[in-house]
>>> print(open('query.txt').read())   # compact mmCIF, C-alpha atoms and all ligand atoms
# COMPACT_ATOMS: atom_id res chain seq x y z
CA MET X 1 -40.39 65.00 93.72
CA LYS X 2 -39.57 61.31 94.26
CA ILE X 3 -38.68 59.45 91.08
CA VAL X 4 -38.10 55.70 90.82
CA VAL X 5 -36.26 54.22 87.84
CA CYS X 6 -36.60 50.53 86.99
CA ILE X 7 -33.45 49.07 85.55
CA LYS X 8 -32.78 45.60 84.27
CA GLN X 9 -29.52 43.77 83.75
CA VAL X 10 -29.25 42.17 80.32
CA PRO X 11 -26.53 40.01 78.73
CA SER X 12 -23.79 42.13 77.12
CA THR X 13 -23.79 39.83 74.11
CA ASN X 14 -26.47 38.99 71.59
CA LYS X 15 -25.61 35.30 72.13
CA VAL X 16 -28.22 34.76 74.82
CA GLN X 17 -28.08 31.23 76.24
CA LEU X 18 -31.16 29.44 77.50
CA HIS X 19 -31.44 26.73 80.12
CA PRO X 20 -32.20 23.45 78.28
CA GLU X 21 -34.85 22.31 80.78
CA THR X 22 -36.54 25.51 82.01
CA ASN X 23 -36.02 27.54 78.79
CA THR X 24 -35.06 30.52 80.94
CA ILE X 25 -32.16 32.88 80.27
CA ILE X 26 -28.89 31.72 81.87
CA ARG X 27 -27.53 34.76 83.69
CA ASP X 28 -25.13 33.37 86.29
CA GLY X 29 -21.50 33.86 85.30
CA ARG X 30 -22.40 35.85 82.16
CA LYS X 31 -21.27 39.46 81.72
CA SER X 32 -24.21 41.82 82.02
CA VAL X 33 -24.88 45.46 81.27
CA THR X 34 -27.69 47.87 82.06
CA ASN X 35 -30.52 47.47 79.55
CA PRO X 36 -29.69 50.27 77.06
CA PHE X 37 -33.21 51.80 77.16
CA ASP X 38 -32.94 52.10 80.94
CA THR X 39 -29.94 54.43 80.69
CA TYR X 40 -32.36 56.97 79.11
CA ALA X 41 -34.79 56.50 82.00
CA ILE X 42 -31.92 57.05 84.47
CA GLU X 43 -30.86 60.23 82.64
CA GLU X 44 -34.42 61.59 82.55
CA ALA X 45 -34.85 61.01 86.28
CA ILE X 46 -31.62 62.87 87.03
CA ARG X 47 -32.60 65.76 84.74
CA ILE X 48 -36.02 66.13 86.42
CA LYS X 49 -34.38 66.09 89.83
CA GLU X 50 -31.87 68.73 88.71
CA LYS X 51 -34.81 70.98 87.75
CA THR X 52 -37.31 70.27 90.50
CA GLY X 53 -35.23 68.89 93.37
CA GLY X 54 -36.17 65.73 95.24
CA LYS X 55 -34.82 62.20 95.20
CA THR X 56 -34.07 59.56 92.57
CA ILE X 57 -34.10 55.85 93.34
CA ALA X 58 -33.09 52.98 91.05
CA ILE X 59 -34.68 49.59 91.60
CA SER X 60 -33.97 46.25 89.98
CA MET X 61 -35.09 42.67 90.39
CA GLY X 62 -32.11 40.56 89.55
CA ILE X 63 -29.20 38.36 90.55
CA PRO X 64 -26.67 39.69 93.11
CA GLU X 65 -24.31 40.85 90.31
CA THR X 66 -26.94 43.45 89.34
CA GLU X 67 -25.59 45.49 92.26
CA LYS X 68 -22.72 46.65 90.00
CA LEU X 69 -25.21 48.16 87.56
CA LEU X 70 -27.08 49.90 90.37
CA LYS X 71 -23.75 51.37 91.52
CA ASP X 72 -23.19 52.55 87.95
CA ALA X 73 -26.58 54.31 88.07
CA MET X 74 -25.52 56.02 91.29
CA GLY X 75 -22.25 57.00 89.60
CA ARG X 76 -24.37 58.84 87.03
CA GLY X 77 -26.29 60.72 89.73
CA ILE X 78 -29.03 58.43 91.10
CA ASP X 79 -29.32 58.96 94.88
CA GLN X 80 -30.27 55.51 96.13
CA ALA X 81 -30.49 51.96 94.80
CA ILE X 82 -32.51 48.91 95.74
CA LEU X 83 -31.89 45.34 94.60
CA LEU X 84 -34.69 42.82 94.89
CA SER X 85 -32.87 39.52 94.88
CA ASP X 86 -33.93 36.07 95.99
CA LYS X 87 -33.76 32.58 94.52
CA ALA X 88 -37.56 32.60 94.81
CA PHE X 89 -37.67 35.27 92.05
CA ALA X 90 -35.81 33.06 89.52
CA GLY X 91 -37.74 32.16 86.38
CA SER X 92 -40.26 35.00 86.79
CA ASP X 93 -42.34 35.85 83.75
CA THR X 94 -43.47 39.44 83.24
CA LEU X 95 -46.41 39.11 85.65
CA ALA X 96 -44.24 37.77 88.46
CA THR X 97 -41.54 40.37 87.69
CA SER X 98 -43.99 43.27 87.78
CA TYR X 99 -45.57 41.91 90.96
CA THR X 100 -42.17 41.74 92.67
CA LEU X 101 -41.19 45.22 91.48
CA SER X 102 -44.54 46.60 92.65
CA LEU X 103 -43.86 45.32 96.18
CA GLY X 104 -40.45 47.03 96.22
CA ILE X 105 -41.96 50.29 94.96
CA ARG X 106 -44.93 50.19 97.35
CA GLU X 107 -42.45 50.40 100.20
CA LEU X 108 -41.17 53.69 98.75
CA MET X 109 -44.62 55.31 98.46
CA PRO X 110 -45.49 58.13 98.11
CA VAL X 111 -43.68 58.18 94.76
CA ASP X 112 -44.42 60.85 92.13
CA LEU X 113 -43.03 59.28 89.00
CA ILE X 114 -41.80 55.86 87.87
CA LEU X 115 -39.64 55.63 84.76
CA CYS X 116 -38.91 52.48 82.77
CA GLY X 117 -37.14 51.82 79.50
CA LYS X 118 -39.33 51.10 76.46
CA MET X 119 -38.33 47.44 76.64
CA ALA X 120 -35.57 45.10 77.69
CA VAL X 121 -33.33 44.02 74.82
CA ASP X 122 -33.32 40.37 75.95
CA GLY X 123 -36.91 39.70 77.07
CA ASP X 124 -38.21 42.21 74.54
CA THR X 125 -41.84 42.15 75.68
CA ALA X 126 -42.26 45.84 76.71
CA GLN X 127 -44.83 44.54 79.22
CA ILE X 128 -43.20 45.38 82.55
CA GLY X 129 -43.98 49.13 82.50
CA PRO X 130 -47.73 48.80 81.81
CA GLU X 131 -48.09 45.74 84.09
CA LEU X 132 -46.27 47.49 86.92
CA ALA X 133 -48.53 50.53 86.60
CA GLU X 134 -51.56 48.21 86.74
CA GLN X 135 -50.20 46.45 89.84
CA LEU X 136 -49.73 49.85 91.50
CA GLY X 137 -53.08 51.22 90.28
CA ILE X 138 -51.56 54.29 88.59
CA PRO X 139 -51.78 55.64 85.00
CA HIS X 140 -49.02 54.97 82.49
CA VAL X 141 -47.83 56.28 79.14
CA THR X 142 -45.56 54.25 76.86
CA ASP X 143 -43.02 55.41 74.24
CA VAL X 144 -42.45 58.88 75.71
CA ILE X 145 -39.94 61.03 73.84
CA GLU X 146 -40.26 64.30 75.79
CA ILE X 147 -41.56 65.60 79.08
CA LEU X 148 -42.81 69.09 78.25
CA GLU X 149 -44.12 70.20 81.61
CA MET X 150 -43.64 68.85 85.10
CA LYS X 151 -45.91 70.04 87.89
CA GLN X 152 -46.53 68.75 91.39
CA SER X 153 -49.78 67.00 90.46
CA TYR X 154 -49.45 66.32 86.71
CA LEU X 155 -47.08 66.22 83.76
CA ILE X 156 -47.46 66.79 80.05
CA CYS X 157 -45.52 64.46 77.79
CA LYS X 158 -45.02 63.75 74.11
CA ARG X 159 -45.58 60.18 73.01
CA GLU X 160 -44.49 58.67 69.71
CA ILE X 161 -47.18 56.88 67.71
CA ASP X 162 -47.32 55.57 64.13
CA ASN X 163 -46.95 58.57 61.81
CA GLY X 164 -47.02 61.21 64.53
CA TYR X 165 -47.16 62.18 68.17
CA GLN X 166 -49.60 62.52 71.02
CA LEU X 167 -49.43 65.17 73.72
CA LEU X 168 -50.80 63.75 76.95
CA LYS X 169 -51.55 65.30 80.31
CA VAL X 170 -51.09 62.68 83.02
CA LYS X 171 -52.03 62.86 86.67
CA LEU X 172 -49.23 61.98 89.10
CA PRO X 173 -48.20 59.52 90.39
CA ALA X 174 -47.70 57.91 86.98
CA LEU X 175 -45.39 55.57 85.13
CA LEU X 176 -43.70 56.42 81.83
CA THR X 177 -41.71 54.17 79.53
CA VAL X 178 -39.17 56.14 77.54
CA LEU X 179 -37.62 55.91 74.08
CA LYS X 180 -34.03 56.75 73.31
CA ASP X 181 -34.97 60.02 71.60
CA ILE X 182 -35.81 61.50 75.01
CA ASN X 183 -32.24 62.51 75.89
CA MET X 184 -28.55 61.72 75.62
CA PRO X 185 -27.47 59.76 78.73
CA ARG X 186 -24.44 61.03 80.62
CA MET X 187 -21.56 58.78 81.63
CA PRO X 188 -20.77 58.19 85.32
CA SER X 189 -18.55 61.00 86.68
CA ILE X 190 -15.44 60.35 88.78
CA GLU X 191 -17.08 62.24 91.64
CA GLY X 192 -20.27 60.21 91.21
CA VAL X 193 -18.40 56.89 91.18
CA LEU X 194 -16.51 57.81 94.37
CA GLN X 195 -19.75 58.94 95.99
CA SER X 196 -21.51 55.69 94.97
CA GLU X 197 -18.81 53.68 96.74
CA THR X 198 -19.92 55.25 100.02
CA ILE X 199 -23.60 54.35 99.52
CA GLU X 200 -24.77 50.78 100.04
CA VAL X 201 -27.24 49.20 97.66
CA ILE X 202 -30.25 48.18 99.75
CA ARG X 203 -31.00 44.45 99.32
CA LYS X 204 -34.47 43.00 99.79
CA ASP X 205 -35.59 39.40 99.49
CA ALA X 206 -39.04 37.80 99.31
CA ARG X 207 -39.43 37.82 103.08
CA ASP X 208 -38.52 41.54 103.38
CA LEU X 209 -41.17 42.29 100.76
CA GLU X 210 -43.75 40.07 102.49
CA ALA X 211 -44.37 38.60 99.06
CA LYS X 212 -46.96 35.90 98.37
CA THR X 213 -44.73 33.00 97.35
CA SER X 214 -47.44 31.67 95.01
CA LYS X 215 -46.96 34.82 92.87
CA LEU X 216 -43.16 34.59 92.62
CA GLY X 217 -40.67 33.04 90.23
CA LEU X 218 -41.25 30.17 87.84
CA SER X 219 -44.06 28.61 89.87
CA GLY X 220 -45.86 31.96 90.13
CA SER X 221 -45.57 32.57 86.37
CA PRO X 222 -48.62 31.80 84.25
CA THR X 223 -46.46 32.02 81.11
CA GLN X 224 -44.46 28.87 80.52
CA VAL X 225 -41.88 28.73 77.74
CA VAL X 226 -42.54 25.35 76.09
CA LYS X 227 -39.72 25.46 73.58
CA THR X 228 -37.11 27.90 72.34
CA PHE X 229 -35.37 27.62 68.99
CA VAL X 230 -33.61 29.66 66.33
CA PRO X 231 -35.80 29.74 63.20
CA GLU X 232 -34.29 27.99 60.19
CA ARG X 233 -33.37 30.35 57.41
CA ASP X 234 -33.38 29.05 53.88
CA SER X 235 -32.24 31.80 51.53
CA LYS X 236 -30.28 31.89 48.31
CA ALA X 237 -29.37 34.51 45.73
CA ILE X 238 -30.26 34.09 42.07
CA GLU X 239 -28.84 36.25 39.33
CA ILE X 240 -31.41 37.00 36.62
CA SER X 241 -30.12 37.92 33.20
CA GLY X 242 -31.68 38.74 29.81
CA ASN X 243 -33.68 41.62 28.45
CA ILE X 244 -36.44 43.23 30.48
CA GLU X 245 -39.17 40.84 29.21
CA GLU X 246 -37.01 37.76 29.91
CA LYS X 247 -36.17 39.03 33.39
CA ALA X 248 -39.84 39.70 34.14
CA ALA X 249 -40.79 36.19 32.96
CA LYS X 250 -38.10 34.60 35.12
CA VAL X 251 -39.17 36.60 38.17
CA LYS X 252 -42.76 35.47 37.54
CA ASN X 253 -41.65 31.83 37.42
CA ILE X 254 -39.61 32.17 40.61
CA ILE X 255 -42.57 33.71 42.45
CA GLY X 256 -44.73 30.84 41.19
CA GLU X 257 -42.25 28.30 42.55
CA VAL X 258 -42.01 30.07 45.88
CA LEU X 259 -45.79 30.08 46.15
CA GLY X 260 -45.56 26.33 45.82
CA ASN X 261 -47.50 25.53 42.67
CA GLY X 262 -44.46 25.37 40.39
CA ARG X 263 -46.23 27.16 37.53
CA SER X 264 -46.02 30.76 36.43
CA GLN X 265 -48.57 33.27 37.70
CA ASP X 266 -50.77 35.30 35.37
C1 LIG X 301 -41.75 31.41 81.77
C2 LIG X 301 -40.72 32.47 81.79
C3 LIG X 301 -39.58 32.27 82.52
C4 LIG X 301 -38.62 33.22 82.60
N1 LIG X 301 -37.51 33.00 83.36
C5 LIG X 301 -36.58 33.94 83.48
C6 LIG X 301 -35.44 33.74 84.30
O1 LIG X 301 -35.25 32.69 84.87
N2 LIG X 301 -34.57 34.74 84.43
C7 LIG X 301 -34.78 35.92 83.80
O2 LIG X 301 -33.98 36.83 83.99
N3 LIG X 301 -35.81 36.13 82.97
C8 LIG X 301 -36.72 35.17 82.82
N4 LIG X 301 -37.78 35.37 82.02
C9 LIG X 301 -37.89 36.60 81.33
C10 LIG X 301 -38.52 37.58 82.25
O3 LIG X 301 -39.86 37.31 82.48
C11 LIG X 301 -38.45 38.89 81.64
O4 LIG X 301 -37.12 39.13 81.28
C12 LIG X 301 -38.85 39.94 82.65
O5 LIG X 301 -40.14 39.64 83.13
C13 LIG X 301 -38.87 41.28 82.05
O6 LIG X 301 -39.55 41.26 80.82
P1 LIG X 301 -38.82 41.85 79.60
O7 LIG X 301 -37.41 41.40 79.62
O8 LIG X 301 -39.61 41.54 78.39
O9 LIG X 301 -38.85 43.39 79.96
P2 LIG X 301 -39.65 44.57 79.26
O10 LIG X 301 -41.06 44.52 79.67
O11 LIG X 301 -39.34 44.60 77.80
O12 LIG X 301 -38.91 45.75 80.04
C14 LIG X 301 -39.42 47.08 80.04
C15 LIG X 301 -38.77 47.84 81.15
O13 LIG X 301 -39.19 47.31 82.40
C16 LIG X 301 -38.13 47.44 83.36
N5 LIG X 301 -37.73 46.11 83.81
C17 LIG X 301 -37.85 44.92 83.17
N6 LIG X 301 -37.37 43.92 83.94
C18 LIG X 301 -36.94 44.48 85.08
C19 LIG X 301 -36.32 43.98 86.27
N7 LIG X 301 -36.06 42.69 86.44
N8 LIG X 301 -36.00 44.86 87.25
C20 LIG X 301 -36.27 46.18 87.11
N9 LIG X 301 -36.84 46.71 86.01
C21 LIG X 301 -37.17 45.88 85.01
C22 LIG X 301 -37.01 48.16 82.64
O14 LIG X 301 -37.15 49.54 82.84
C23 LIG X 301 -37.25 47.81 81.18
O15 LIG X 301 -36.69 48.73 80.28
C24 LIG X 301 -38.76 34.43 81.89
C25 LIG X 301 -39.90 34.62 81.10
C26 LIG X 301 -40.87 33.67 81.05
C27 LIG X 301 -42.06 33.90 80.18
>>> encode(input="query.txt", output="C-alpha cells", more="lines below")
Ligand SMILES: Cc1cc2nc3c(=O)[nH]c(=O)nc-3n(C[C@H](O)[C@H](O)[C@H](O)COP(=O)(O)OP(=O)(O)OC[C@H]3O[C@@H](n4cnc5c(N)ncnc54)[C@H](O)[C@@H]3O)c2cc1C
Amino acid sequence: MKIVVCIKQVPSTNKVQLHPETNTIIRDGRKSVTNPFDTYAIEEAIRIKEKTGGKTIAISMGIPETEKLLKDAMGRGIDQAILLSDKAFAGSDTLATSYTLSLGIRELMPVDLILCGKMAVDGDTAQIGPELAEQLGIPHVTDVIEILEMKQSYLICKREIDNGYQLLKVKLPALLTVLKDINMPRMPSIEGVLQSETIEVIRKDARDLEAKTSKLGLSGSPTQVVKTFVPERDSKAIEISGNIEEKAAKVKNIIGEVLGNGRSQD
C-alpha cells in the first residue's frame, strides 16, 4: 500500500502577519511548525503501513524551510519526503495549491491512499483535501475519525457529522481528511531522527512538475484577498442590580438599546 500524506507548514504563533500589498501570509523568517491536524494524518499513515506494509510519503508545497518539517515527519516514521518549492508557487490560493500538489502526487501514481489534515490552522479553509481529490479524479471523505477496515481495493471509515457518525465504504485510491480524534500522534524517535538525516528530501520546482504557469501562484489564483483586517470589538460589562422584576426590566431596556431603537421591547 502506498500512502501519501499532505503536510503544511504554519506559523508557530497565532500572530500571523500579512503582507500589506498582497495580503498574503508572510512566512519568510518566521518560525513554523507542522500544521497540528497533519500530525494525525502522518500518524495514521504510519499505523496503516505498520499493519499492511508498503510505503509512506510526505509531500508539501512550501518555502525551503519546510524541509525541516518533512525531516520531522521522517523522524516519526515516514519513509520519503517531497518538497514542492518554487517562487512561482508564492501567493497560491487553494485552487493553485491543490493544482500544484496534484502534479506532485501524479508523479507518485499509483497511490492507494492520500491523507490530509482536516484543515490548516492559518488558512483555515479545509478546501485543499476535497479540491486535491477533484484534481486527481478520486473520491474523498472529510472529517474521518476512524479507519475500520483497510483492504486492497476499498476501505471503510467512520466520519463525524453533526449529531452522529457515518460509516462509509470508499473505493481506493481515495483521499481522506482526518480529525484529531483518529489517533494520538507519536513523537519522532532518536532512531527515526538519525535515519531521517541519511535520507534527502526530494525537491521539485515548477519546471520539474511541468506545471502550467498560468495555474500557479498569485497570478494563477482566482481568489484575490482584497483587504484583511481584525474586526473591531466593542464590548462592556454591566452589573444589573435590584429584585428580579427590576433586573428583568433593565435587561429588557438594554436589549432594546442594543437593537437600536432605544425603547424597551414588549
Ligand atoms: C489570494 C490568496 C493568496 C494567498 N497567498 C498565500 C501566500 O503567499 N503564501 C501562503 O502560504 N498562503 C497563501 N494563501 C493561503 C493559501 O492559499 C492557503 O494557505 C493554502 O491554499 C492552503 O489552504 P488552507 O491553508 O486553507 O488549507 P486547508 O484546506 O485548510 O488544509 C487542509 C489540509 O490540506 C493539506 N495542505 C494544505 N496546504 C498544503 C500545502 N501547502 N502543502 C501540502 N499540504 C497542504 C494539509 O493536509 C491540510 O491539513 C493565499 C490565499 C489566497 C486566497
>>> closest_residue(input="query.txt", among="X:Asn183, X:Thr56, X:Ser92, X:Thr198", to="ligand LIG 301 (chain X)", atoms="all atoms listed in the file")
X:Ser92
>>> closest_atom_pairs(input="query.txt", of="chain X", to="ligand LIG 301 (chain X)", cutoff="6 Å", atoms="all atoms listed in the file", output="JSON lines")
{"residue": "X:Cys6", "atom": "CA", "partner": "X:LIG301", "partner_atom": "N9", "distance": 4.0}
{"residue": "X:Ile7", "atom": "CA", "partner": "X:LIG301", "partner_atom": "N9", "distance": 4.2}
{"residue": "X:Lys8", "atom": "CA", "partner": "X:LIG301", "partner_atom": "C19", "distance": 4.4}
{"residue": "X:Thr24", "atom": "CA", "partner": "X:LIG301", "partner_atom": "N1", "distance": 4.2}
{"residue": "X:Ile25", "atom": "CA", "partner": "X:LIG301", "partner_atom": "N2", "distance": 5.2}
{"residue": "X:Phe37", "atom": "CA", "partner": "X:LIG301", "partner_atom": "O15", "distance": 5.6}
{"residue": "X:Asp38", "atom": "CA", "partner": "X:LIG301", "partner_atom": "O15", "distance": 5.1}
{"residue": "X:Ile59", "atom": "CA", "partner": "X:LIG301", "partner_atom": "C20", "distance": 5.9}
{"residue": "X:Ser60", "atom": "CA", "partner": "X:LIG301", "partner_atom": "N8", "distance": 3.7}
{"residue": "X:Met61", "atom": "CA", "partner": "X:LIG301", "partner_atom": "N8", "distance": 3.9}
{"residue": "X:Gly62", "atom": "CA", "partner": "X:LIG301", "partner_atom": "N7", "distance": 5.5}
{"residue": "X:Ala90", "atom": "CA", "partner": "X:LIG301", "partner_atom": "O1", "distance": 4.7}
{"residue": "X:Gly91", "atom": "CA", "partner": "X:LIG301", "partner_atom": "O1", "distance": 3.0}
{"residue": "X:Ser92", "atom": "CA", "partner": "X:LIG301", "partner_atom": "N1", "distance": 4.8}
{"residue": "X:Asp93", "atom": "CA", "partner": "X:LIG301", "partner_atom": "O3", "distance": 3.1}
{"residue": "X:Thr94", "atom": "CA", "partner": "X:LIG301", "partner_atom": "O5", "distance": 3.3}
{"residue": "X:Thr97", "atom": "CA", "partner": "X:LIG301", "partner_atom": "O5", "distance": 4.8}
{"residue": "X:Cys116", "atom": "CA", "partner": "X:LIG301", "partner_atom": "O14", "distance": 3.4}
{"residue": "X:Gly117", "atom": "CA", "partner": "X:LIG301", "partner_atom": "O15", "distance": 3.2}
{"residue": "X:Lys118", "atom": "CA", "partner": "X:LIG301", "partner_atom": "O15", "distance": 5.2}
{"residue": "X:Met119", "atom": "CA", "partner": "X:LIG301", "partner_atom": "O11", "distance": 3.2}
{"residue": "X:Ala120", "atom": "CA", "partner": "X:LIG301", "partner_atom": "O11", "distance": 3.8}
{"residue": "X:Asp122", "atom": "CA", "partner": "X:LIG301", "partner_atom": "O7", "distance": 5.6}
{"residue": "X:Gly123", "atom": "CA", "partner": "X:LIG301", "partner_atom": "O7", "distance": 3.1}
{"residue": "X:Asp124", "atom": "CA", "partner": "X:LIG301", "partner_atom": "O8", "distance": 4.2}
{"residue": "X:Thr125", "atom": "CA", "partner": "X:LIG301", "partner_atom": "O8", "distance": 3.6}
{"residue": "X:Ala126", "atom": "CA", "partner": "X:LIG301", "partner_atom": "O11", "distance": 3.4}
{"residue": "X:Gln127", "atom": "CA", "partner": "X:LIG301", "partner_atom": "O10", "distance": 3.8}
{"residue": "X:Ile128", "atom": "CA", "partner": "X:LIG301", "partner_atom": "O10", "distance": 3.7}
{"residue": "X:Gly129", "atom": "CA", "partner": "X:LIG301", "partner_atom": "O13", "distance": 5.1}
{"residue": "X:Leu218", "atom": "CA", "partner": "X:LIG301", "partner_atom": "C3", "distance": 6.0}
{"residue": "X:Thr223", "atom": "CA", "partner": "X:LIG301", "partner_atom": "C1", "distance": 4.8}
{"residue": "X:Gln224", "atom": "CA", "partner": "X:LIG301", "partner_atom": "C1", "distance": 3.9}
{"residue": "X:Val225", "atom": "CA", "partner": "X:LIG301", "partner_atom": "C1", "distance": 4.8}
>>> atom_distance(input="query.txt", atom1="atom CA of Met187 of chain X", atom2="atom CA of Ile46 of chain X")
12.1 Å
>>> residues_near_point(input="query.txt", point="(-46.3, 54.5, 90.1)", cutoff="10 Å", atoms="only C-alpha atoms", output="PDB file with C-alpha atoms, keeping the file's coordinate frame")
ATOM      1  CA  ILE X   3     -38.680  59.450  91.080  1.00  0.00           C
ATOM      2  CA  VAL X   4     -38.100  55.700  90.820  1.00  0.00           C
ATOM      3  CA  SER X 102     -44.540  46.600  92.650  1.00  0.00           C
ATOM      4  CA  ILE X 105     -41.960  50.290  94.960  1.00  0.00           C
ATOM      5  CA  ARG X 106     -44.930  50.190  97.350  1.00  0.00           C
ATOM      6  CA  MET X 109     -44.620  55.310  98.460  1.00  0.00           C
ATOM      7  CA  PRO X 110     -45.490  58.130  98.110  1.00  0.00           C
ATOM      8  CA  VAL X 111     -43.680  58.180  94.760  1.00  0.00           C
ATOM      9  CA  ASP X 112     -44.420  60.850  92.130  1.00  0.00           C
ATOM     10  CA  LEU X 113     -43.030  59.280  89.000  1.00  0.00           C
ATOM     11  CA  ILE X 114     -41.800  55.860  87.870  1.00  0.00           C
ATOM     12  CA  LEU X 115     -39.640  55.630  84.760  1.00  0.00           C
ATOM     13  CA  GLY X 129     -43.980  49.130  82.500  1.00  0.00           C
ATOM     14  CA  LEU X 132     -46.270  47.490  86.920  1.00  0.00           C
ATOM     15  CA  ALA X 133     -48.530  50.530  86.600  1.00  0.00           C
ATOM     16  CA  GLU X 134     -51.560  48.210  86.740  1.00  0.00           C
ATOM     17  CA  GLN X 135     -50.200  46.450  89.840  1.00  0.00           C
ATOM     18  CA  LEU X 136     -49.730  49.850  91.500  1.00  0.00           C
ATOM     19  CA  GLY X 137     -53.080  51.220  90.280  1.00  0.00           C
ATOM     20  CA  ILE X 138     -51.560  54.290  88.590  1.00  0.00           C
ATOM     21  CA  PRO X 139     -51.780  55.640  85.000  1.00  0.00           C
ATOM     22  CA  HIS X 140     -49.020  54.970  82.490  1.00  0.00           C
ATOM     23  CA  LEU X 172     -49.230  61.980  89.100  1.00  0.00           C
ATOM     24  CA  PRO X 173     -48.200  59.520  90.390  1.00  0.00           C
ATOM     25  CA  ALA X 174     -47.700  57.910  86.980  1.00  0.00           C
ATOM     26  CA  LEU X 175     -45.390  55.570  85.130  1.00  0.00           C
ATOM     27  CA  LEU X 176     -43.700  56.420  81.830  1.00  0.00           C
TER      28      LEU X 176
END
>>> closest_residue(input="query.txt", among="X:Pro36, X:Pro231, X:Gly53, X:Pro64", to="Val201 of chain X", atoms="all atoms listed in the file")
X:Pro64
>>> build_atoms(input="query.txt", residues="segment 126-144 of chain X", atoms="N, CA and C atoms", output="mmCIF file, in the frame of the given file")
data_model
loop_
_atom_site.group_PDB
_atom_site.id
_atom_site.type_symbol
_atom_site.label_atom_id
_atom_site.label_comp_id
_atom_site.auth_asym_id
_atom_site.auth_seq_id
_atom_site.Cartn_x
_atom_site.Cartn_y
_atom_site.Cartn_z
ATOM 1 N N ALA X 126 -41.740 44.493 76.427
ATOM 2 C CA ALA X 126 -42.260 45.840 76.710
ATOM 3 C C ALA X 126 -43.517 45.772 77.590
ATOM 4 N N GLN X 127 -43.623 44.721 78.385
ATOM 5 C CA GLN X 127 -44.830 44.540 79.220
ATOM 6 C C GLN X 127 -44.647 45.059 80.646
ATOM 7 N N ILE X 128 -43.408 45.089 81.122
ATOM 8 C CA ILE X 128 -43.200 45.380 82.550
ATOM 9 C C ILE X 128 -43.758 46.753 82.941
ATOM 10 N N GLY X 129 -43.486 47.789 82.145
ATOM 11 C CA GLY X 129 -43.980 49.130 82.500
ATOM 12 C C GLY X 129 -45.493 49.140 82.704
ATOM 13 N N PRO X 130 -46.267 48.794 81.647
ATOM 14 C CA PRO X 130 -47.730 48.800 81.810
ATOM 15 C C PRO X 130 -48.220 47.868 82.924
ATOM 16 N N GLU X 131 -47.634 46.673 83.042
ATOM 17 C CA GLU X 131 -48.090 45.740 84.090
ATOM 18 C C GLU X 131 -47.808 46.289 85.487
ATOM 19 N N LEU X 132 -46.648 46.920 85.617
ATOM 20 C CA LEU X 132 -46.270 47.490 86.920
ATOM 21 C C LEU X 132 -47.234 48.602 87.310
ATOM 22 N N ALA X 133 -47.580 49.452 86.324
ATOM 23 C CA ALA X 133 -48.530 50.530 86.600
ATOM 24 C C ALA X 133 -49.875 49.944 87.041
ATOM 25 N N GLU X 134 -50.296 48.867 86.364
ATOM 26 C CA GLU X 134 -51.560 48.210 86.740
ATOM 27 C C GLU X 134 -51.485 47.673 88.167
ATOM 28 N N GLN X 135 -50.359 47.032 88.489
ATOM 29 C CA GLN X 135 -50.200 46.450 89.840
ATOM 30 C C GLN X 135 -50.263 47.554 90.907
ATOM 31 N N LEU X 136 -49.759 48.748 90.530
ATOM 32 C CA LEU X 136 -49.730 49.850 91.500
ATOM 33 C C LEU X 136 -51.005 50.704 91.436
ATOM 34 N N GLY X 137 -51.834 50.458 90.423
ATOM 35 C CA GLY X 137 -53.080 51.220 90.280
ATOM 36 C C GLY X 137 -52.856 52.670 89.892
ATOM 37 N N ILE X 138 -51.839 52.908 89.036
ATOM 38 C CA ILE X 138 -51.560 54.290 88.590
ATOM 39 C C ILE X 138 -51.582 54.333 87.052
ATOM 40 N N PRO X 139 -51.787 55.556 86.467
ATOM 41 C CA PRO X 139 -51.780 55.640 85.000
ATOM 42 C C PRO X 139 -50.376 55.452 84.421
ATOM 43 N N HIS X 140 -50.329 55.066 83.155
ATOM 44 C CA HIS X 140 -49.020 54.970 82.490
ATOM 45 C C HIS X 140 -49.100 55.464 81.060
ATOM 46 N N VAL X 141 -47.957 55.888 80.550
ATOM 47 C CA VAL X 141 -47.830 56.280 79.140
ATOM 48 C C VAL X 141 -46.591 55.585 78.602
ATOM 49 N N THR X 142 -46.726 54.921 77.456
ATOM 50 C CA THR X 142 -45.560 54.250 76.860
ATOM 51 C C THR X 142 -44.955 55.119 75.760
ATOM 52 N N ASP X 143 -43.713 54.803 75.389
ATOM 53 C CA ASP X 143 -43.020 55.410 74.240
ATOM 54 C C ASP X 143 -42.917 56.937 74.336
ATOM 55 N N VAL X 144 -42.558 57.423 75.496
ATOM 56 C CA VAL X 144 -42.450 58.880 75.710
ATOM 57 C C VAL X 144 -41.118 59.379 75.150
#
